[in-house]
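Pasting protein-v2.txt here (compact mmCIF, C-alpha atoms):
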# COMPACT_ATOMS: atom_id res chain seq x y z
CA MET A 1 0.00 0.00 0.00
CA VAL A 2 2.74 2.41 0.96
CA LEU A 3 4.71 1.36 -2.09
CA LEU A 4 1.75 1.98 -4.38
CA THR A 5 1.26 5.43 -2.88
CA LEU A 6 4.92 6.19 -3.52
CA LEU A 7 4.51 4.93 -7.10
CA ALA A 8 1.59 7.28 -7.63
CA ALA A 9 3.59 10.18 -6.18
CA ILE A 10 6.52 9.44 -8.49
CA THR A 11 4.21 9.20 -11.50
CA ILE A 12 2.65 12.58 -10.78
CA GLY A 13 6.13 13.98 -10.30
CA ILE A 14 7.22 12.61 -13.68
CA ILE A 15 4.22 14.18 -15.36
CA ARG A 16 4.70 17.58 -13.75
CA MET A 17 8.49 17.74 -14.16
CA ARG A 18 9.79 19.76 -17.10
CA ASN A 19 13.46 18.88 -16.70
CA LEU A 20 13.93 15.64 -18.62
CA PHE A 21 17.12 14.81 -16.76
CA ALA A 22 15.20 14.67 -13.50
CA VAL A 23 12.51 12.64 -15.23
CA VAL A 24 15.08 10.00 -16.17
CA VAL A 25 16.26 9.79 -12.56
CA LEU A 26 12.67 9.53 -11.35
CA GLY A 27 12.09 6.77 -13.89
CA GLY A 28 14.87 4.77 -12.30
CA ILE A 29 13.30 5.30 -8.88
CA TYR A 30 9.96 4.19 -10.28
CA SER A 31 11.49 0.97 -11.55
CA PHE A 32 13.03 0.15 -8.19
CA LEU A 33 9.75 0.80 -6.39
CA MET A 34 7.89 -1.28 -8.96
CA ALA A 35 10.37 -4.10 -8.44
CA SER A 36 9.70 -3.90 -4.71
CA VAL A 37 5.97 -4.18 -5.37
CA MET A 38 6.62 -7.27 -7.51
CA ILE A 39 8.66 -8.80 -4.70
CA VAL A 40 5.85 -8.19 -2.24
CA LEU A 41 3.57 -9.96 -4.72
CA ASP A 42 6.02 -12.91 -4.68
CA ALA A 43 7.02 -12.56 -8.34
CA VAL A 44 10.77 -12.38 -7.88
CA ASP A 45 11.67 -13.17 -11.49
CA VAL A 46 9.48 -10.38 -12.81
CA ALA A 47 10.96 -8.04 -10.22
CA MET A 48 14.46 -8.95 -11.36
CA THR A 49 13.55 -8.21 -14.97
CA GLU A 50 11.94 -4.93 -13.98
CA ALA A 51 15.00 -3.84 -12.07
CA ALA A 52 17.42 -4.90 -14.80
CA VAL A 53 15.50 -3.40 -17.69
CA GLY A 54 13.82 -0.45 -16.01
CA ALA A 55 16.48 0.80 -13.66
CA GLY A 56 19.60 -0.42 -15.43
CA ILE A 57 19.32 -0.40 -19.19
CA SER A 58 16.49 2.11 -19.61
CA THR A 59 18.25 4.77 -17.58
CA VAL A 60 21.39 4.44 -19.66
CA LEU A 61 19.47 4.42 -22.94
CA MET A 62 17.37 7.41 -21.91
CA LEU A 63 20.53 9.32 -21.04
CA GLY A 64 21.89 8.49 -24.48
CA VAL A 65 18.71 9.84 -26.03
CA LEU A 66 18.94 12.93 -23.85
CA HIS A 67 22.39 13.55 -25.24
CA LEU A 68 20.87 13.88 -28.72
CA THR A 69 17.95 16.10 -27.78
CA LYS A 70 17.16 18.97 -25.45
CA THR A 71 16.96 18.52 -21.70
CA GLN A 72 13.92 20.73 -21.21
CA GLU A 73 10.51 19.50 -22.21
CA SER A 74 8.65 22.00 -24.36
CA LYS A 75 5.19 23.18 -23.46
CA PRO A 76 2.44 21.05 -24.99
CA LYS A 77 0.85 22.75 -27.97
CA HIS A 78 -2.58 21.13 -27.76
CA THR A 79 -5.01 20.58 -24.93
CA PRO A 80 -4.68 17.26 -23.14
CA LEU A 81 -8.43 16.57 -23.29
CA LEU A 82 -8.47 14.12 -26.19
CA PRO A 83 -5.55 11.99 -24.90
CA LEU A 84 -7.14 12.06 -21.45
CA PHE A 85 -10.43 10.86 -22.91
CA VAL A 86 -8.70 8.05 -24.85
CA ALA A 87 -6.78 6.92 -21.77
CA VAL A 88 -9.83 6.97 -19.51
CA ALA A 89 -11.94 5.12 -22.09
CA THR A 90 -9.28 2.44 -22.55
CA GLY A 91 -8.90 2.04 -18.81
CA ALA A 92 -12.65 1.79 -18.36
CA ALA A 93 -12.86 -0.87 -21.07
CA LEU A 94 -10.09 -2.87 -19.40
CA VAL A 95 -11.74 -2.61 -15.98
CA PHE A 96 -15.04 -3.64 -17.56
CA GLY A 97 -13.26 -6.67 -19.03
CA THR A 98 -12.06 -7.77 -15.60
CA PHE A 99 -15.66 -8.21 -14.42
CA ASP A 100 -15.89 -11.41 -16.49
CA LEU A 101 -12.72 -12.89 -15.06
CA PRO A 102 -13.07 -15.81 -12.65
CA PRO A 103 -12.06 -15.13 -9.04
CA PHE A 104 -8.35 -14.87 -8.47
CA GLY A 105 -6.63 -18.16 -7.69
CA LEU A 106 -9.60 -20.43 -8.40
CA ALA A 107 -8.30 -23.91 -9.12
CA ASP A 108 -10.72 -25.03 -11.87
CA THR A 109 -10.38 -22.11 -14.27
CA PRO A 110 -9.25 -22.92 -17.82
CA VAL A 111 -5.87 -21.31 -17.35
CA ASN A 112 -5.14 -23.65 -14.47
CA LEU A 113 -6.49 -26.76 -16.18
CA HIS A 114 -5.05 -26.78 -19.66
CA VAL A 115 -1.24 -26.97 -19.79
CA ALA A 116 -0.12 -25.78 -16.39
CA PRO A 117 -0.56 -29.18 -14.65
CA TYR A 118 1.42 -30.84 -17.43
CA TYR A 119 4.30 -28.42 -16.96
CA LEU A 120 4.16 -28.77 -13.19
CA GLU A 121 4.25 -32.56 -13.32
CA ASN A 122 6.60 -33.25 -16.20
CA SER A 123 8.94 -30.31 -16.64
CA LEU A 124 11.53 -31.52 -14.17
CA ARG A 125 11.67 -34.97 -15.72
CA GLU A 126 11.70 -33.76 -19.32
CA THR A 127 14.00 -30.75 -19.14
CA LEU A 128 15.95 -31.22 -15.87
CA VAL A 129 15.40 -27.54 -15.03
CA ALA A 130 14.39 -26.95 -11.43
CA ASN A 131 12.48 -23.71 -12.06
CA VAL A 132 9.25 -24.34 -13.95
CA VAL A 133 9.08 -20.86 -15.45
CA SER A 134 12.63 -21.14 -16.75
CA SER A 135 11.93 -24.55 -18.22
CA VAL A 136 8.88 -23.23 -20.10
CA LEU A 137 10.72 -20.17 -21.38
CA ALA A 138 13.99 -21.76 -22.33
CA SER A 139 12.99 -25.28 -23.27
CA TYR A 140 9.34 -25.70 -24.23
CA ARG A 141 9.23 -22.32 -25.93
CA GLY A 142 12.91 -22.20 -26.80
CA PHE A 143 12.39 -21.22 -30.44
CA ASP A 144 9.99 -18.49 -29.40
CA THR A 145 12.57 -17.05 -27.05
CA LEU A 146 15.24 -17.37 -29.72
CA GLY A 147 13.06 -15.39 -32.13
CA GLU A 148 12.50 -12.67 -29.56
CA THR A 149 16.21 -12.44 -28.91
CA ALA A 150 16.90 -12.15 -32.65
CA VAL A 151 14.34 -9.34 -32.96
CA ILE A 152 15.84 -7.39 -30.08
CA PHE A 153 19.36 -7.95 -31.41
CA THR A 154 18.34 -6.62 -34.83
CA ALA A 155 16.68 -3.58 -33.27
CA GLY A 156 19.82 -2.88 -31.27
CA ILE A 157 21.99 -3.05 -34.38
CA ALA A 158 19.62 -0.70 -36.23
CA VAL A 159 19.68 1.83 -33.40
CA LEU A 160 23.47 1.68 -33.24
CA LEU A 161 23.72 2.32 -36.98
CA LEU A 162 21.35 5.28 -36.75
CA LEU A 163 23.31 6.81 -33.88
CA LYS A 164 26.60 6.35 -35.73
CA GLY A 165 25.26 8.24 -38.74
CA LYS A 166 24.09 11.05 -36.49
CA ARG A 167 27.50 11.39 -34.87
CA LYS A 168 29.27 11.97 -38.17
CA LEU A 169 26.87 14.75 -39.14
CA LYS A 170 27.49 16.58 -35.90
CA PRO A 171 31.16 17.41 -35.38
CA GLY A 172 32.58 17.57 -31.93
CA PRO A 173 33.10 21.27 -31.08
CA LYS A 174 29.45 22.11 -31.58
CA ARG A 175 28.37 19.63 -28.94
CA ARG A 176 26.32 21.22 -26.20
CA ARG A 177 27.15 20.83 -22.55
CA ILE A 178 24.28 19.72 -20.42
CA GLY A 179 23.46 20.36 -16.83
CA ARG A 180 25.74 23.28 -16.11
CA MET B 1 8.62 -9.52 14.46
CA ILE B 2 11.90 -7.67 14.28
CA LEU B 3 11.98 -8.27 10.54
CA ALA B 4 8.54 -6.74 10.13
CA ALA B 5 9.59 -3.72 12.18
CA ALA B 6 12.69 -3.34 10.04
CA SER B 7 10.59 -3.55 6.88
CA LEU B 8 8.34 -0.79 8.16
CA ALA B 9 11.38 1.34 8.95
CA ILE B 10 12.67 0.80 5.43
CA LEU B 11 9.31 1.79 4.00
CA VAL B 12 9.55 5.03 5.95
CA ALA B 13 13.05 5.53 4.58
CA LEU B 14 11.79 4.94 1.05
CA THR B 15 9.08 7.53 1.61
CA LEU B 16 11.64 10.08 2.76
CA GLY B 17 13.79 9.29 -0.27
CA VAL B 18 10.85 9.79 -2.60
CA ILE B 19 10.04 13.12 -0.99
CA ARG B 20 13.60 14.24 -1.51
CA ALA B 21 13.57 13.02 -5.11
CA LEU B 22 10.39 14.94 -5.84
CA ARG B 23 11.33 18.15 -4.07
CA GLY B 24 15.09 18.11 -4.55
CA PRO B 25 16.17 21.44 -5.96
CA THR B 26 19.25 20.16 -7.79
CA VAL B 27 19.87 17.08 -9.87
CA PHE B 28 22.41 15.79 -7.37
CA ASP B 29 19.71 15.51 -4.71
CA ARG B 30 17.65 13.41 -7.07
CA VAL B 31 20.56 11.17 -8.02
CA LEU B 32 21.40 10.64 -4.37
CA ALA B 33 17.76 9.93 -3.59
CA ALA B 34 17.62 7.42 -6.44
CA ASN B 35 20.69 5.68 -5.07
CA ALA B 36 19.22 5.61 -1.57
CA ILE B 37 15.92 4.24 -2.84
CA GLY B 38 17.78 1.53 -4.74
CA THR B 39 19.59 0.58 -1.55
CA GLY B 40 16.29 0.60 0.31
CA ALA B 41 14.80 -1.70 -2.29
CA ILE B 42 17.71 -4.10 -1.83
CA MET B 43 17.21 -4.17 1.93
CA LEU B 44 13.48 -4.59 1.53
CA LEU B 45 14.15 -7.51 -0.81
CA ALA B 46 16.46 -9.17 1.69
CA LEU B 47 14.05 -8.63 4.60
CA ILE B 48 11.09 -9.98 2.66
CA GLY B 49 13.24 -12.93 1.67
CA PHE B 50 13.85 -13.75 5.32
CA LEU B 51 10.21 -13.04 6.21
CA ALA B 52 9.04 -15.50 3.57
CA GLY B 53 11.68 -18.04 4.53
CA ARG B 54 13.52 -17.84 1.23
CA PRO B 55 16.94 -16.35 2.01
CA GLU B 56 18.15 -17.06 -1.53
CA PHE B 57 16.65 -13.65 -2.38
CA LEU B 58 20.01 -12.31 -1.26
CA ASP B 59 21.50 -13.30 -4.62
CA ILE B 60 18.97 -11.11 -6.38
CA GLY B 61 19.87 -8.34 -3.95
CA ILE B 62 23.45 -8.50 -5.18
CA LEU B 63 22.20 -8.07 -8.73
CA TYR B 64 20.17 -5.05 -7.64
CA ALA B 65 23.25 -3.53 -6.07
CA LEU B 66 25.18 -3.91 -9.33
CA LEU B 67 22.36 -2.32 -11.31
CA ASN B 68 22.09 0.49 -8.84
CA ILE B 69 25.72 1.41 -9.13
CA ILE B 70 25.65 1.18 -12.92
CA ALA B 71 22.67 3.52 -13.13
CA THR B 72 24.20 6.01 -10.72
CA LEU B 73 27.55 5.96 -12.52
CA ALA B 74 25.85 6.45 -15.88
CA VAL B 75 23.86 9.40 -14.63
CA LEU B 76 26.87 11.04 -13.04
CA LYS B 77 29.08 10.48 -16.07
CA PHE B 78 26.44 11.94 -18.31
CA PHE B 79 26.16 14.90 -16.00
CA ARG B 80 29.91 15.48 -16.00
CA TYR B 81 30.71 14.97 -19.66
CA GLY B 82 27.34 15.18 -21.40
CA ASP B 83 28.19 11.97 -23.23
CA LEU B 84 28.20 8.36 -22.16
CA SER B 85 30.93 7.32 -24.59
CA HIS B 86 33.36 9.92 -23.29
CA PRO B 87 36.61 8.25 -22.25
CA GLY B 88 36.72 10.33 -19.09
CA GLY B 89 39.86 11.47 -17.37
CA GLU B 90 40.30 15.05 -18.44
CA GLU B 91 38.16 17.99 -17.51
CA PRO B 92 35.24 18.81 -19.77
CA GLY B 93 35.92 21.73 -22.03
CA GLY B 94 39.43 20.50 -22.80
CA PRO B 95 40.59 19.51 -26.27

Give the structure from the file, written as structure tokens.
Amino acid sequence: MVLLTLLAAITIGIIRMRNLFAVVVLGGIYSFLMASVMIVLDAVDVAMTEAAVGAGISTVLMLGVLHLTKTQESKPKHTPLLPLFVAVATGAALVFGTFDLPPFGLADTPVNLHVAPYYLENSLRETLVANVVSSVLASYRGFDTLGETAVIFTAGIAVLLLLKGKRKLKPGPKRRRIGR
Amino acid sequence: MILAAASLAILVALTLGVIRALRGPTVFDRVLAANAIGTGAIMLLALIGFLAGRPEFLDIGILYALLNIIATLAVLKFFRYGDLSHPGGEEPGGP
């Protein structure tokens, strides 16, 4: 509860802040708090991913982006009413969708009956991986994970190429100094 | 019991860190608050691990510590040189 309140406070702070540098720092804080919430919910693997991606890599990447753009956010040119309406409508639709969900943790829902028992019973014997989630990700859906990794690798190469081209266009002495 | 009390204390510390991060007048305050909150998250992770009887959470805490220091170093290096690929060493504004 306290953590969620802190998350809300950080989010409002991110929205109201005009200095993008501070926003990046607050984003890192948000990721750490979110990871703590995940730990409280007993999802340690998700928390680890959140911390690694959100607090580690994202902060560094955002700083790299900040190097290429301005550090002050410009004033919005249009009223926020239409985006607000779209966001509220989407949220309302999602909340409406949750009304049809079965109660949380019920044993005889389809999601708990179809393949999960098979994984729970046979994954250790078939894959010799102690963690069931890891066995599903890396063994049963190994090709899926391989494809995802290839996609992310390709995206990374593309971004690196784009940044390299940008560097050559902008010679060194014209580079701005930030934060002073 | 003592673990729960310690967790509550760490939650209070996290709250104070968030207040400083939101109000902090300079960027350094925010960076320091981010570092402190990361440390608080690590301690919370360890305490919850012991509360739930799974002390192997400590390994994940070590990973958090590494991430925390990488993020802080990246932010500070960017602040000093304005560029993450800067080799460092000399003062900014040099050749």

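Our summary of the geometry notes that atom CA of Ile42 of chain B is positioned 16.8 Å from atom CA of Leu7 of chain A.
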
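The gap separating atom CA of Leu32 of chain B from atom CA of Ala46 of chain B is 21.3 Å, in Å to one decimal.
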
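For the set A:Gly54, A:Gly64, A:Gly97, A:Pro83, the residue with the smallest atom-to-atom gap to chain B is A:Gly64, counting only C-alpha atoms.
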
What residues in chain B have any atom no more than 8 Å from chain A when counting all atoms listed in the file, and can you write them as a PDB file with C-alpha atoms, in the frame of the given file?
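iface.pdb, freshly written:
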ATOM      1  CA  LEU B  11       9.310   1.790   4.000  1.00  0.00           C
ATOM      2  CA  THR B  15       9.080   7.530   1.610  1.00  0.00           C
ATOM      3  CA  VAL B  18      10.850   9.790  -2.600  1.00  0.00           C
ATOM      4  CA  ALA B  21      13.570  13.020  -5.110  1.00  0.00           C
ATOM      5  CA  LEU B  22      10.390  14.940  -5.840  1.00  0.00           C
ATOM      6  CA  VAL B  27      19.870  17.080  -9.870  1.00  0.00           C
ATOM      7  CA  ARG B  30      17.650  13.410  -7.070  1.00  0.00           C
ATOM      8  CA  VAL B  31      20.560  11.170  -8.020  1.00  0.00           C
ATOM      9  CA  ALA B  34      17.620   7.420  -6.440  1.00  0.00           C
ATOM     10  CA  ILE B  37      15.920   4.240  -2.840  1.00  0.00           C
ATOM     11  CA  GLY B  38      17.780   1.530  -4.740  1.00  0.00           C
ATOM     12  CA  ALA B  41      14.800  -1.700  -2.290  1.00  0.00           C
ATOM     13  CA  LEU B  44      13.480  -4.590   1.530  1.00  0.00           C
ATOM     14  CA  LEU B  45      14.150  -7.510  -0.810  1.00  0.00           C
ATOM     15  CA  ILE B  48      11.090  -9.980   2.660  1.00  0.00           C
ATOM     16  CA  ILE B  60      18.970 -11.110  -6.380  1.00  0.00           C
ATOM     17  CA  TYR B  64      20.170  -5.050  -7.640  1.00  0.00           C
ATOM     18  CA  LEU B  67      22.360  -2.320 -11.310  1.00  0.00           C
ATOM     19  CA  ASN B  68      22.090   0.490  -8.840  1.00  0.00           C
ATOM     20  CA  ILE B  70      25.650   1.180 -12.920  1.00  0.00           C
ATOM     21  CA  ALA B  71      22.670   3.520 -13.130  1.00  0.00           C
ATOM     22  CA  ALA B  74      25.850   6.450 -15.880  1.00  0.00           C
ATOM     23  CA  VAL B  75      23.860   9.400 -14.630  1.00  0.00           C
ATOM     24  CA  PHE B  78      26.440  11.940 -18.310  1.00  0.00           C
ATOM     25  CA  PHE B  79      26.160  14.900 -16.000  1.00  0.00           C
ATOM     26  CA  TYR B  81      30.710  14.970 -19.660  1.00  0.00           C
ATOM     27  CA  GLY B  82      27.340  15.180 -21.400  1.00  0.00           C
ATOM     28  CA  ASP B  83      28.190  11.970 -23.230  1.00  0.00           C
ATOM     29  CA  LEU B  84      28.200   8.360 -22.160  1.00  0.00           C
TER      30      LEU B  84
END

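Candidate residues B:Gly17, B:Gly61, B:Pro55, B:Pro25 were compared for distance to Met43 of chain B, and the nearest is B:Gly61, using all atoms listed in the file.
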
Identify, on the basis of only C-alpha atoms, every residue whose closest approach to Arg20 of chain B does not exceed 8 Å; exclude the query and any residue fewer than 4 positions from it along the same chain; express the result as a short mmCIF file (atom, residue, chain, number, x, y, z; two decimals) with C-alpha atoms, in the coordinates of the input.
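Just written: out06.cif:
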data_model
loop_
_atom_site.label_atom_id
_atom_site.label_comp_id
_atom_site.auth_asym_id
_atom_site.auth_seq_id
_atom_site.Cartn_x
_atom_site.Cartn_y
_atom_site.Cartn_z
CA LEU B 16 11.64 10.08 2.76
CA GLY B 24 15.09 18.11 -4.55
CA ASP B 29 19.71 15.51 -4.71
CA ARG B 30 17.65 13.41 -7.07
CA ALA B 33 17.76 9.93 -3.59
#

Residues within 12 Å of Val129 of chain A, all atoms listed in the file, excluding chain neighbours under 4 positions, as a PyMOL selection string:
chain A and resi 119-120+122-125+133-140

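Atom to atom, atom CA of Ala8 of chain A and atom CA of Leu58 of chain B stand 27.6 Å apart.
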
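Residue nearest Leu163 of chain A within the list A:Thr149, A:Glu50, A:Val65, A:Val88: A:Val65 [criterion: smallest interatomic distance, all atoms listed in the file].
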